[in-house]
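Asker: Structure file final.cif, mmCIF, C-alpha atoms and all ligand atoms, is pasted below:
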```
data_run
#
loop_
_atom_site.label_atom_id
_atom_site.label_comp_id
_atom_site.auth_asym_id
_atom_site.auth_seq_id
_atom_site.Cartn_x
_atom_site.Cartn_y
_atom_site.Cartn_z
CA MET A 1 -2.04 20.68 19.56
CA LYS A 2 1.37 19.48 20.73
CA GLN A 3 -0.40 18.01 23.76
CA LEU A 4 -2.51 15.85 21.46
CA ILE A 5 0.62 14.63 19.71
CA ASP A 6 2.25 13.91 23.07
CA LYS A 7 -0.86 11.99 24.11
CA LEU A 8 -0.84 9.98 20.90
CA TYR A 9 2.88 9.30 21.36
CA GLU A 10 2.33 8.04 24.89
CA THR A 11 -0.93 6.14 24.53
CA ASN A 12 -1.04 5.25 20.78
CA ASN A 13 -4.63 6.34 20.85
CA LEU A 14 -6.88 9.38 20.49
CA SER A 15 -10.64 9.85 20.43
CA PRO A 16 -12.37 10.62 17.11
CA GLU A 17 -12.84 14.25 18.23
CA GLU A 18 -9.16 14.54 19.04
CA TYR A 19 -8.09 13.11 15.67
CA LYS A 20 -10.37 15.57 13.94
CA GLU A 21 -8.98 18.48 15.90
CA LEU A 22 -5.42 17.39 15.20
CA ILE A 23 -5.98 17.03 11.46
CA ASP A 24 -8.00 20.23 11.05
CA SER A 25 -5.65 22.48 12.97
CA ARG A 26 -2.38 21.20 11.55
CA ASN A 27 0.22 23.69 10.39
CA PRO A 28 3.92 23.46 9.45
CA GLU A 29 5.10 23.76 13.04
CA ILE A 30 2.72 21.07 14.34
CA SER A 31 3.63 18.82 11.42
CA GLU A 32 7.33 19.12 12.17
CA TYR A 33 6.67 18.26 15.82
CA LEU A 34 4.63 15.22 14.75
CA PHE A 35 7.35 14.03 12.34
CA GLU A 36 10.02 14.32 15.06
CA LYS A 37 7.98 12.08 17.35
CA ALA A 38 7.12 9.66 14.53
CA ARG A 39 10.79 9.40 13.56
CA ALA A 40 11.79 8.78 17.16
CA VAL A 41 9.32 5.86 17.37
CA ARG A 42 10.38 4.53 13.99
CA ILE A 43 14.08 4.69 14.90
CA LYS A 44 13.45 3.03 18.26
CA ASN A 45 11.71 0.11 16.52
CA TYR A 46 13.53 -0.18 13.21
CA GLY A 47 16.64 2.00 13.42
CA HIS A 48 17.45 3.59 10.06
CA ASP A 49 16.57 0.39 8.20
CA VAL A 50 14.26 0.51 5.21
CA TYR A 51 12.62 -2.71 3.99
CA ILE A 52 12.15 -3.23 0.28
CA ARG A 53 9.35 -5.14 -1.46
CA GLY A 54 9.60 -6.14 -5.10
CA LEU A 55 6.33 -5.21 -6.75
CA ILE A 56 5.29 -7.52 -9.59
CA GLU A 57 2.27 -6.12 -11.43
CA PHE A 58 1.25 -9.38 -13.02
CA THR A 59 -2.08 -8.50 -14.67
CA SER A 60 -3.82 -5.33 -15.82
CA TYR A 61 -7.14 -7.08 -16.52
CA CYS A 62 -9.82 -6.21 -13.97
CA LYS A 63 -13.47 -7.10 -13.60
CA ASN A 64 -14.10 -4.16 -11.27
CA ASP A 65 -14.89 -0.61 -12.18
CA CYS A 66 -13.56 1.57 -9.35
CA TYR A 67 -14.09 5.17 -10.45
CA TYR A 68 -10.56 6.30 -9.53
CA CYS A 69 -8.54 3.51 -11.09
CA GLY A 70 -6.86 3.64 -14.51
CA ILE A 71 -7.21 -0.12 -15.10
CA ARG A 72 -10.95 -0.22 -14.36
CA LYS A 73 -12.96 -2.49 -16.60
CA ASN A 74 -14.65 0.34 -18.45
CA ASN A 75 -11.42 2.03 -19.46
CA ARG A 76 -11.43 0.70 -23.02
CA GLU A 77 -8.22 2.59 -23.81
CA ALA A 78 -6.20 0.74 -21.18
CA GLU A 79 -3.82 -1.80 -22.68
CA ARG A 80 -4.24 -5.15 -21.02
CA TYR A 81 -1.56 -7.76 -20.34
CA ARG A 82 -0.93 -10.81 -18.20
CA LEU A 83 2.45 -12.17 -17.17
CA THR A 84 3.04 -15.90 -17.48
CA LYS A 85 4.29 -17.89 -14.50
CA GLU A 86 7.69 -18.01 -16.19
CA GLN A 87 7.77 -14.23 -16.53
CA ILE A 88 6.80 -13.82 -12.88
CA LEU A 89 9.57 -16.21 -11.81
CA GLU A 90 12.01 -14.27 -13.98
CA CYS A 91 11.05 -11.08 -12.09
CA CYS A 92 11.73 -12.93 -8.83
CA ALA A 93 15.12 -14.15 -10.10
CA ILE A 94 16.16 -10.61 -11.00
CA GLY A 95 14.78 -9.33 -7.71
CA TYR A 96 16.48 -11.98 -5.59
CA GLU A 97 19.82 -11.16 -7.17
CA LEU A 98 19.26 -7.48 -6.29
CA GLY A 99 18.54 -8.32 -2.64
CA PHE A 100 14.74 -8.46 -2.56
CA ARG A 101 13.36 -10.97 -0.03
CA THR A 102 9.68 -10.07 -0.44
CA PHE A 103 7.73 -10.35 -3.67
CA VAL A 104 4.38 -8.61 -3.95
CA LEU A 105 2.02 -10.02 -6.56
CA GLN A 106 -0.35 -7.20 -7.45
CA GLY A 107 -2.98 -7.05 -10.13
CA GLY A 108 -6.51 -6.33 -11.15
CA GLU A 109 -9.21 -8.84 -10.28
CA ASP A 110 -8.61 -11.06 -13.29
CA TRP A 111 -10.79 -14.14 -13.82
CA TYR A 112 -7.94 -15.84 -15.73
CA PHE A 113 -5.98 -16.21 -12.51
CA THR A 114 -8.08 -18.90 -10.90
CA ASP A 115 -7.24 -20.11 -7.40
CA ASP A 116 -5.35 -23.04 -8.90
CA ARG A 117 -3.19 -20.75 -11.02
CA ILE A 118 -2.47 -18.42 -8.09
CA ILE A 119 -1.61 -21.40 -5.87
CA ASP A 120 0.72 -22.76 -8.52
CA ILE A 121 2.52 -19.39 -8.72
CA ILE A 122 2.81 -19.09 -4.93
CA ARG A 123 4.19 -22.65 -4.63
CA SER A 124 6.72 -22.08 -7.40
CA ILE A 125 8.01 -18.85 -5.86
CA LYS A 126 8.21 -20.38 -2.38
CA SER A 127 10.00 -23.51 -3.59
CA ASN A 128 12.56 -21.50 -5.59
CA TYR A 129 13.00 -18.89 -2.85
CA PRO A 130 12.17 -20.46 0.52
CA ASP A 131 13.79 -17.54 2.34
CA CYS A 132 11.42 -15.02 0.75
CA ALA A 133 7.99 -13.75 1.71
CA VAL A 134 5.13 -13.65 -0.79
CA THR A 135 2.58 -10.87 -0.48
CA LEU A 136 -0.70 -10.97 -2.38
CA SER A 137 -2.52 -7.83 -3.53
CA ILE A 138 -5.23 -9.29 -5.73
CA GLY A 139 -8.43 -7.85 -4.35
CA GLU A 140 -11.36 -9.41 -2.54
CA LYS A 141 -11.38 -13.21 -2.41
CA SER A 142 -13.46 -15.66 -0.39
CA TYR A 143 -12.32 -16.99 2.98
CA GLU A 144 -11.68 -20.39 1.36
CA SER A 145 -9.54 -18.94 -1.42
CA CYS A 146 -7.51 -16.84 1.01
CA LYS A 147 -6.99 -19.89 3.22
CA ALA A 148 -5.86 -21.97 0.24
CA PHE A 149 -3.34 -19.27 -0.79
CA PHE A 150 -2.06 -19.13 2.78
CA ASP A 151 -1.70 -22.91 2.92
CA ALA A 152 0.22 -22.75 -0.35
CA GLY A 153 2.73 -20.44 1.33
CA ALA A 154 1.56 -16.84 0.93
CA ASP A 155 2.70 -14.81 3.92
CA ARG A 156 1.08 -11.42 3.62
CA TYR A 157 -1.94 -9.77 1.99
CA LEU A 158 -2.47 -6.15 1.06
CA LEU A 159 -6.06 -5.02 0.67
CA ARG A 160 -6.58 -1.32 1.14
CA HIS A 161 -9.99 -0.69 2.64
CA GLU A 162 -10.00 2.50 0.47
CA THR A 163 -12.35 4.37 2.85
CA ALA A 164 -13.98 3.25 6.07
CA ASN A 165 -17.04 5.47 5.53
CA ALA A 166 -19.79 3.53 3.73
CA GLU A 167 -21.32 6.57 2.05
CA HIS A 168 -17.92 7.73 0.82
CA TYR A 169 -17.16 4.19 -0.38
CA GLY A 170 -20.32 4.38 -2.49
CA LYS A 171 -19.05 7.52 -4.21
CA LEU A 172 -15.79 5.83 -5.23
CA HIS A 173 -17.15 2.46 -6.34
CA PRO A 174 -20.05 1.03 -8.31
CA LYS A 175 -22.87 -0.63 -6.35
CA ALA A 176 -21.51 -4.11 -6.97
CA LEU A 177 -18.69 -3.43 -4.50
CA SER A 178 -19.45 -3.28 -0.79
CA PRO A 179 -17.39 -1.71 1.96
CA ASP A 180 -18.55 -4.35 4.43
CA ASN A 181 -17.33 -7.18 2.24
CA ARG A 182 -13.95 -5.50 1.88
CA LYS A 183 -13.62 -5.00 5.63
CA GLN A 184 -14.77 -8.58 6.26
CA CYS A 185 -12.00 -9.80 3.93
CA LEU A 186 -9.47 -8.00 6.08
CA TYR A 187 -10.75 -9.68 9.23
CA ASN A 188 -10.76 -13.04 7.42
CA LEU A 189 -7.15 -12.55 6.36
CA LYS A 190 -6.10 -11.79 9.93
CA ASP A 191 -8.00 -14.79 11.20
CA ILE A 192 -6.25 -17.06 8.69
CA GLY A 193 -2.87 -15.89 9.94
CA TYR A 194 -1.63 -13.49 7.27
CA GLN A 195 0.33 -10.34 7.98
CA VAL A 196 -2.35 -7.97 6.77
CA GLY A 197 -2.26 -4.50 5.28
CA CYS A 198 -5.17 -2.11 4.91
CA GLY A 199 -5.04 1.49 3.76
CA PHE A 200 -6.63 4.33 1.87
CA MET A 201 -6.03 7.11 -0.61
CA VAL A 202 -5.46 10.57 0.79
CA GLY A 203 -7.52 13.30 -0.85
CA SER A 204 -9.78 10.98 -2.81
CA PRO A 205 -12.82 12.80 -4.23
CA PHE A 206 -15.49 13.65 -1.63
CA GLN A 207 -13.20 12.73 1.30
CA THR A 208 -13.77 14.83 4.43
CA THR A 209 -11.86 15.01 7.70
CA GLU A 210 -14.62 12.86 9.17
CA CYS A 211 -13.82 10.16 6.60
CA LEU A 212 -10.16 10.28 7.58
CA VAL A 213 -11.07 10.01 11.25
CA GLU A 214 -13.15 6.93 10.44
CA ASP A 215 -10.19 5.50 8.53
CA LEU A 216 -7.98 5.99 11.58
CA MET A 217 -10.58 4.43 13.90
CA PHE A 218 -10.89 1.45 11.56
CA ILE A 219 -7.11 1.04 11.51
CA GLN A 220 -7.06 1.20 15.29
CA GLN A 221 -9.72 -1.50 15.47
CA LEU A 222 -8.25 -3.83 12.82
CA ASN A 223 -4.72 -3.38 14.18
CA PRO A 224 -3.06 -4.41 10.90
CA HIS A 225 0.61 -5.27 10.36
CA MET A 226 0.90 -2.90 7.40
CA VAL A 227 -0.85 0.29 6.31
CA GLY A 228 -0.59 1.55 2.74
CA ILE A 229 -1.55 5.16 2.16
CA GLY A 230 -0.79 7.44 -0.74
CA PRO A 231 -2.32 10.47 -2.38
CA PHE A 232 -5.18 10.01 -4.83
CA ILE A 233 -3.96 11.03 -8.30
CA PRO A 234 -6.45 11.46 -11.14
CA HIS A 235 -6.25 9.27 -14.23
CA HIS A 236 -7.39 11.01 -17.41
CA GLN A 237 -9.46 8.04 -18.65
CA THR A 238 -11.62 7.69 -15.53
CA PRO A 239 -14.73 9.45 -14.21
CA PHE A 240 -12.41 11.28 -11.78
CA ALA A 241 -10.22 12.73 -14.55
CA ASP A 242 -10.98 16.30 -13.43
CA LYS A 243 -10.74 15.76 -9.68
CA LYS A 244 -7.91 17.26 -7.65
CA ALA A 245 -5.02 15.11 -6.44
CA GLY A 246 -4.39 14.56 -2.73
CA THR A 247 -1.58 16.61 -1.21
CA LEU A 248 1.91 15.71 -0.09
CA GLU A 249 1.37 17.65 3.08
CA LEU A 250 -1.73 15.78 4.30
CA THR A 251 -0.30 12.40 3.28
CA LEU A 252 2.85 13.03 5.33
CA PHE A 253 0.78 14.20 8.31
CA LEU A 254 -1.27 11.00 8.23
CA LEU A 255 1.86 8.85 7.92
CA GLY A 256 3.12 10.51 11.10
CA ILE A 257 -0.16 9.87 12.92
CA ILE A 258 -0.24 6.22 11.83
CA ARG A 259 3.33 5.66 13.00
CA LEU A 260 2.36 6.93 16.47
CA MET A 261 -0.84 4.84 16.54
CA LEU A 262 0.92 1.63 15.55
CA PRO A 263 4.57 2.02 16.60
CA ASP A 264 5.86 -1.09 14.83
CA VAL A 265 3.60 -1.07 11.76
CA LEU A 266 5.13 -1.66 8.33
CA LEU A 267 4.46 1.63 6.58
CA PRO A 268 5.44 2.22 2.95
CA ALA A 269 6.41 5.50 1.37
CA THR A 270 4.41 4.75 -1.77
CA THR A 271 5.01 5.27 -5.46
CA ALA A 272 2.04 7.66 -5.56
CA LEU A 273 3.79 9.80 -2.94
CA GLY A 274 6.90 9.81 -5.15
CA THR A 275 4.71 10.79 -8.10
CA ILE A 276 3.18 13.95 -6.61
CA HIS A 277 6.53 15.29 -5.36
CA PRO A 278 10.10 14.56 -6.50
CA LYS A 279 11.17 13.96 -2.90
CA GLY A 280 7.86 12.45 -1.76
CA ARG A 281 9.23 9.06 -0.73
CA GLU A 282 12.19 10.52 1.17
CA LEU A 283 9.82 12.86 3.00
CA GLY A 284 7.57 9.87 3.72
CA ILE A 285 10.46 8.06 5.38
CA LEU A 286 11.22 11.18 7.40
CA ALA A 287 7.56 11.28 8.51
CA GLY A 288 7.74 7.72 9.91
CA ALA A 289 7.54 5.30 6.96
CA ASN A 290 9.89 2.30 6.89
CA VAL A 291 9.13 0.44 3.64
CA VAL A 292 9.57 1.18 -0.07
CA MET A 293 8.20 -0.92 -2.90
CA PRO A 294 10.35 -0.65 -6.03
CA ASN A 295 8.89 -2.03 -9.23
CA LEU A 296 10.08 -5.44 -10.46
CA SER A 297 7.63 -5.73 -13.35
CA PRO A 298 9.20 -6.26 -16.79
CA LYS A 299 9.93 -2.91 -18.41
CA SER A 300 7.76 -3.90 -21.39
CA VAL A 301 4.53 -3.86 -19.33
CA ARG A 302 5.14 -1.04 -16.87
CA LYS A 303 3.38 1.66 -18.84
CA LYS A 304 0.32 -0.58 -19.07
CA TYR A 305 -0.19 -0.75 -15.30
CA MET A 306 -1.23 2.88 -15.04
CA LEU A 307 -3.46 3.26 -12.00
CA TYR A 308 -3.05 7.06 -12.22
CA ASP A 309 -1.40 9.61 -14.50
CA ASN A 310 2.36 10.27 -14.56
CA LYS A 311 3.27 7.23 -12.44
CA ILE A 312 7.03 7.26 -11.84
CA CYS A 313 9.58 4.51 -12.53
CA THR A 314 7.78 3.19 -15.62
CA GLY A 315 10.81 3.60 -17.86
CA ASP A 316 13.52 2.00 -15.74
CA GLU A 317 14.81 -1.53 -15.25
CA ALA A 318 14.53 -2.96 -11.72
CA ALA A 319 18.24 -2.49 -11.07
CA GLU A 320 18.06 1.19 -12.01
CA CYS A 321 15.05 1.72 -9.75
CA LEU A 322 16.83 0.08 -6.86
CA SER A 323 20.07 2.03 -7.23
CA CYS A 324 18.09 5.27 -7.54
CA MET A 325 16.22 4.36 -4.36
CA LYS A 326 19.46 3.52 -2.54
CA LYS A 327 20.89 6.94 -3.38
CA ARG A 328 17.72 8.69 -2.31
CA LEU A 329 17.76 6.95 1.07
CA GLU A 330 21.47 7.55 1.57
CA SER A 331 20.82 11.27 1.04
CA ILE A 332 18.67 11.23 4.20
CA SER A 333 20.92 8.77 6.13
CA TYR A 334 18.67 5.73 5.86
CA HIS A 335 19.57 2.42 4.19
CA ILE A 336 17.97 -0.58 2.55
CA VAL A 337 18.42 -3.94 4.27
CA VAL A 338 18.41 -7.40 2.67
CA SER A 339 15.69 -9.04 4.75
CA ARG A 340 12.14 -10.34 4.56
CA GLY A 341 11.28 -7.42 6.81
CA ASP A 342 8.51 -9.13 8.74
CA HIS A 343 6.37 -7.35 11.27
CA LYS A 344 7.89 -7.45 14.77
CA SER A 345 5.13 -9.69 16.07
CA VAL A 346 6.05 -12.48 13.61
CA HIS A 347 8.91 -14.79 14.57
N1 LIG B 401 -6.99 -5.11 -7.35
C1 LIG B 401 -6.21 -4.97 -6.14
C2 LIG B 401 -5.06 -4.00 -6.30
C3 LIG B 401 -5.53 -2.57 -6.54
S1 LIG B 401 -4.25 -1.44 -7.03
C4 LIG B 401 -7.13 -4.59 -5.01
O1 LIG B 401 -8.32 -4.45 -5.23
O2 LIG B 401 -6.67 -4.49 -3.88
C5 LIG B 401 -3.62 -0.96 -5.47
C6 LIG B 401 -4.11 0.36 -4.90
O3 LIG B 401 -3.84 1.44 -5.76
C7 LIG B 401 -5.59 0.46 -4.66
O4 LIG B 401 -5.95 -0.21 -3.49
C8 LIG B 401 -5.82 1.98 -4.58
O5 LIG B 401 -5.83 2.44 -3.23
C9 LIG B 401 -4.60 2.54 -5.33
N2 LIG B 401 -5.04 3.35 -6.48
C10 LIG B 401 -5.84 2.99 -7.50
N3 LIG B 401 -6.10 4.04 -8.30
C11 LIG B 401 -5.45 5.11 -7.77
C12 LIG B 401 -5.35 6.49 -8.11
N4 LIG B 401 -5.99 7.00 -9.17
N5 LIG B 401 -4.57 7.28 -7.34
C13 LIG B 401 -3.93 6.78 -6.27
N6 LIG B 401 -4.01 5.51 -5.88
C14 LIG B 401 -4.76 4.66 -6.62
#
```
Write the structure described by the file as structure tokens, please.
Ligand code: SAH

Answerer:
Amino acid sequence: MKQLIDKLYETNNLSPEEYKELIDSRNPEISEYLFEKARAVRIKNYGHDVYIRGLIEFTSYCKNDCYYCGIRKNNREAERYRLTKEQILECCAIGYELGFRTFVLQGGEDWYFTDDRIIDIIRSIKSNYPDCAVTLSIGEKSYESCKAFFDAGADRYLLRHETANAEHYGKLHPKALSPDNRKQCLYNLKDIGYQVGCGFMVGSPFQTTECLVEDLMFIQQLNPHMVGIGPFIPHHQTPFADKKAGTLELTLFLLGIIRLMLPDVLLPATTALGTIHPKGRELGILAGANVVMPNLSPKSVRKKYMLYDNKICTGDEAAECLSCMKKRLESISYHIVVSRGDHKSVH
């Protein structure tokens, strides 16, 4: 198995059969070997720097009905909110002061936020903070809309593909959503010139090793700038309320593999990882991740953006979250940098 890791380290590439073998025969010793290699690559490319992204969860309204997600349309218990442009800019002001140079606008697919409203928000952020990057995470939009957001100044776009296997996709989403459309969006975003992030949940219901191998092959093919992965965590008001959560162990293993596949990828240690284990994000960094995404949403709305149960950091102000994160990273000898933290290919 170590030979497979050595091969991945040297060539950034394995065959589907090799990925399957590596994932299925992993054990603590193999994992540790993988993490050592992944850390070496990460340190070669990024040193001990960790990039921060200020996450602004600006709407909990959603027209979609993804079976895993706590803010799905059919969750009538979910409390809905929208931030105004002024509230969003206030989040940016607080974030800028704290050293954030990337703002991530994330939300449900909310009809209220028309292209014109999104463009207005992007322009306002970019004119107030020309040295900052704006990342969108607002679901599937047309080529034209994505191009208009890019022309207005958006720099990056996060759109997890969720699962590359079409049959599996159909078990996680209603028929109205298509895996091909989601993948096409990702290619459109790359074509337009965005720094693009795809990704998937680890341990989502009905996921098999074959699904994960397809996810890795898709990532290899798309060659994104960012990859967001985190464990699936059930939400009690969804059809998947009784499903098992993904594990820390498999998530870390996949982070290590992705770091070796894409040596300079921007790879977050996600909030979901921090939710399933108290040291999840630190362990993610030690498995090859180089990004964290502290929450900048106003404290008053945080508990309403519940994608899954027990989400961490919903009771703290941004400054508290950041200082907690700084301490956590110091404890493993890594440090946050004040920087846009662009992908290496962008300059
Ligand atoms: N509407 C946007 C943002 C979705 S929320 C979009 O469609 O891209 C961001 C991510 O949270 C999703 O892509 C999904 O991978 C993740 N997520 C949603 N529900 C989750 C759950 N129950 N457990 C873990 N991750 C979840």

Asker: What do you get as a list in words if you pick all residues at most 7 Å from ligand LIG 401 (chain B), counting only C-alpha atoms and all ligand atoms?

Answerer: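 Protein and nucleic-acid residues within 7 Å of ligand LIG 401 (chain B): Tyr68, Cys69, Gly70, Gln106, Gly107, Gly108, Glu109, Ser137, Ile138, Gly139, Glu140, Leu158, Leu159, Arg160, Glu162, Phe200, Met201, Gly230, Pro231, Phe232, Ile233, Pro234, His235, Ala272, Leu307 and Tyr308 of chain A.
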
Asker: Determine, using only C-alpha atoms, which residues of segment 203-300 of chain A have any atom at most 9 Å from an atom of segment 52-65 of chain A, and tabulate each with its shortest atom pair and distance in Å to one decimal place, rows ordered by chain and then rising number, as CSV.

Answerer:
```
residue,atom,partner,partner_atom,distance
A:Asn290,CA,A:Ile52,CA,8.9
A:Val291,CA,A:Ile52,CA,5.8
A:Val292,CA,A:Ile52,CA,5.1
A:Met293,CA,A:Arg53,CA,4.6
A:Pro294,CA,A:Gly54,CA,5.6
A:Asn295,CA,A:Leu55,CA,4.8
A:Leu296,CA,A:Leu55,CA,5.3
A:Ser297,CA,A:Ile56,CA,4.8
A:Pro298,CA,A:Ile56,CA,8.3
```

Asker: Counting only C-alpha atoms, what is within 8 Å of segment 22-30 of chain A, bar same-chain residues fewer than 4 positions away, as an MDAnalysis selection string?

Answerer: chainID A and resid 1:2 4 18 34 209 253

Asker: Using only C-alpha atoms and a cutoff of 10 Å, can you tell me which residues are near (3.2, 7.4, 4.9) in the file's coordinates, and write them out as a ChimeraX atom specification?

Answerer: /A:227-231,248,250-259,266-270,273,280-281,283-291

Asker: Between atom CA of Gln87 of chain A and atom CA of Gln237 of chain A, what is the spacing in Å?

Answerer: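 Rounded to one decimal, the two atoms are 28.2 Å apart.
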
Asker: Suppose you want the space between atom CA of Arg182 of chain A and atom CA of Ile219 of chain A; what is it in Å?

Answerer: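 Atom CA of Ile219 of chain A lies 13.5 Å from atom CA of Arg182 of chain A.
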
Asker: Taking into account only C-alpha atoms, which residue in the set A:Arg101, A:Arg117, A:His335, A:Lys20 is nearest to Ala133 of chain A?

Answerer: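 The shortest atom-to-atom distance to Ala133 of chain A comes from A:Arg101.
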
Asker: Restricting the calculation to all atoms listed in the file, which member of A:Glu79, A:Glu21, A:Glu10, A:Asp264 is positioned closest to Tyr305 of chain A?

Answerer: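 Among A:Glu79, A:Glu21, A:Glu10, A:Asp264, it is A:Glu79 that comes nearest to Tyr305 of chain A.
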
Asker: Separation of atom CA of Leu189 of chain A and atom CA of Met226 of chain A, in Å?

Answerer: 12.6 Å

Asker: For Ile125 of chain A, which of A:Lys327, A:Lys244, A:His161, A:Lys85 is the closest residue, counting all atoms listed in the file?

Answerer: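 So, comparing all the options, the nearest one is A:Lys85.
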
Asker: Nearest to Thr238 of chain A: which of A:Ser31, A:Ser345, A:Asn75, A:Asn12 is it, counting all atoms listed in the file?

Answerer: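 Looking at the shortest contact to Thr238 of chain A, the residue is A:Asn75.
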
Asker: Looking at all atoms listed in the file, which of A:Ser15, A:Thr135, A:Thr84, A:Ser178 is the one that sits closest to Met217 of chain A?

Answerer: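 Ranking A:Ser15, A:Thr135, A:Thr84, A:Ser178 by distance to Met217 of chain A, first place goes to A:Ser15.
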
Asker: Using all atoms listed in the file, which of A:Ala245, A:Cys66, A:Leu177, A:Leu260 sits nearest Asp6 of chain A?

Answerer: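 Using all atoms listed in the file, Asp6 of chain A sits closest to A:Leu260.
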